[in-house]
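Contents: one structure, followed by commentary.
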Amino acid sequence: MKKILVIDDDPQFTDLISLQLEKEGFAVDCLHLVDHLDSYIQKTAYDLIILDVFLPDKQTGLNTLVNLKRNIFTKHTPIILATSQPTELFIQEENVDEYLRYAKALISKLDEHSKIISQVKEILG
């Protein structure tokens with residue numbers, strides 16, 4: 001069973017997406033703060049991480065992305081960036097290319113959950 005870590009400070013999103021992912025046969029852990037992230041990634045080898053870009057602000061989310069890609073436990077783990085903005089708006093933001101090179105995909109939390117699940121399945125094969 002593939003293991004997914006969802007890091008997002010919005011409990012409503014994490015509850016809904018974790019239910020959908022579990023229905024598809026994935027094991028899901030949710031984390032609302034990055035304070036305990038190191039202990040999570042040291043205990044469990046995740047197959048995929050879904051990371052909120054604004055956690056609780058953009059700098060924290062993007063710094064977390066860079067740190068995950070530098071961490072020995074997660075440097076090869078695919079990461080999907082999640083934003084509450086439409087993806088078209090987020091892509092237009094300054095310096096976004098720097099962060100998109102670390103991520104496998106960018107999703108909008110406004111998208112249908114079926115679209116998000118499809119993206120997860122595509123990345124995990």
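Each chain in the structure tokens gets a letter, A, B and so on, in the order shown; residues start at 1 in every chain, and ligands are counted from 1 in the order they appear.
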- Task: Step one, run DSSP on the backbone; step two, keep only residues of chain A assigned to strand (DSSP E or B); then write them as a PyMOL selection string.
- Result: chain A and resi 3-7+27-31+48-52+79-83+105-108
Would you mind listing, for every residue of segment 51-125 of chain A within 8 Å of segment 8-25 of chain A, the two atoms forming the shortest contact and the distance between them in Å to one decimal, using only C-alpha atoms, sorted by chain and ascending residue number, as CSV?
residue,atom,partner,partner_atom,distance
A:Leu51,CA,A:Asp8,CA,6.3
A:Asp52,CA,A:Asp8,CA,5.0
A:Leu55,CA,A:Asp9,CA,6.2
A:Pro56,CA,A:Asp9,CA,6.6
A:Lys109,CA,A:Phe13,CA,7.7
A:His113,CA,A:Ile17,CA,7.0
A:Ile117,CA,A:Leu21,CA,6.8
Saved selection, atoms kept: C-alpha atoms, as an mmCIF file, in the first residue's frame:
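After the write, out07.cif holds the following:
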data_model
loop_
_atom_site.group_PDB
_atom_site.id
_atom_site.type_symbol
_atom_site.label_atom_id
_atom_site.label_comp_id
_atom_site.auth_asym_id
_atom_site.auth_seq_id
_atom_site.Cartn_x
_atom_site.Cartn_y
_atom_site.Cartn_z
ATOM 1 C CA LEU A 51 2.356 20.081 0.459
ATOM 2 C CA ASP A 52 0.357 23.270 0.911
ATOM 3 C CA LEU A 55 1.708 26.920 5.181
ATOM 4 C CA PRO A 56 0.585 29.229 6.941
ATOM 5 C CA LYS A 109 -7.420 22.770 -3.934
ATOM 6 C CA HIS A 113 -10.975 15.864 -5.909
ATOM 7 C CA ILE A 117 -6.624 11.787 -7.200
#
- Message: So that I can see what lies close to Gly125 of chain A, please list as a ChimeraX atom specification the residues with an atom at most 12 Å from it, counting only C-alpha atoms and leaving out residues fewer than 6 positions away in the same chain.
- Response: /A:2,47-48,78,117-119
Selection to disk with C-alpha atoms, as a compact mmCIF listing (two decimals), in the first residue's frame:
# COMPACT_ATOMS: atom_id res chain seq x y z
CA LYS A 2 1.42 3.38 -1.03
CA ASP A 47 5.77 7.41 -1.46
CA LEU A 48 4.33 10.90 -2.06
CA PRO A 78 7.78 13.13 -5.25
CA ILE A 117 -6.62 11.79 -7.20
CA SER A 118 -5.82 11.28 -10.89
CA GLN A 119 -2.68 13.37 -10.49
- Could you give me the residues within chain A that DSSP places in alpha helix (DSSP H), as a PyMOL selection string? chain A and resi 11-23+37-43+58-70+87-91+96-100+113-124
- Name all residues at most 12 Å from Lys75 of chain A (count only C-alpha atoms; drop same-chain ones fewer than 4 positions away) and give them as a list in words.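 Skipping anything fewer than 4 positions along the chain leaves Ile41, Ala45, Tyr46, Asp47, Leu48, Ile49, Leu65, Val66, Asn67, Leu68, Lys69, Arg70, Asn71, Ile79, Tyr102 and Ala103 of chain A.
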Would you mind exporting C-alpha atoms of the selected residues as a short mmCIF file (atom, residue, chain, number, x, y, z; two decimals), in the first residue's frame?
data_model
loop_
_atom_site.label_atom_id
_atom_site.label_comp_id
_atom_site.auth_asym_id
_atom_site.auth_seq_id
_atom_site.Cartn_x
_atom_site.Cartn_y
_atom_site.Cartn_z
CA ILE A 41 9.54 11.55 7.76
CA ALA A 45 8.98 6.22 4.18
CA TYR A 46 6.34 8.10 2.23
CA ASP A 47 5.77 7.41 -1.46
CA LEU A 48 4.33 10.90 -2.06
CA ILE A 49 3.94 14.18 -0.20
CA LEU A 65 9.55 22.24 0.00
CA VAL A 66 13.24 23.06 -0.36
CA ASN A 67 14.05 21.44 2.99
CA LEU A 68 12.20 18.25 2.02
CA LYS A 69 14.22 18.03 -1.19
CA ARG A 70 17.46 18.46 0.76
CA ASN A 71 16.52 15.91 3.44
CA ILE A 79 6.01 16.23 -3.95
CA TYR A 102 11.36 20.73 -6.90
CA ALA A 103 7.76 19.59 -7.31
#
- Can you work out the spacing between atom CA of Val28 of chain A and atom CA of Phe73 of chain A in Å, to one decimal? 17.5 Å
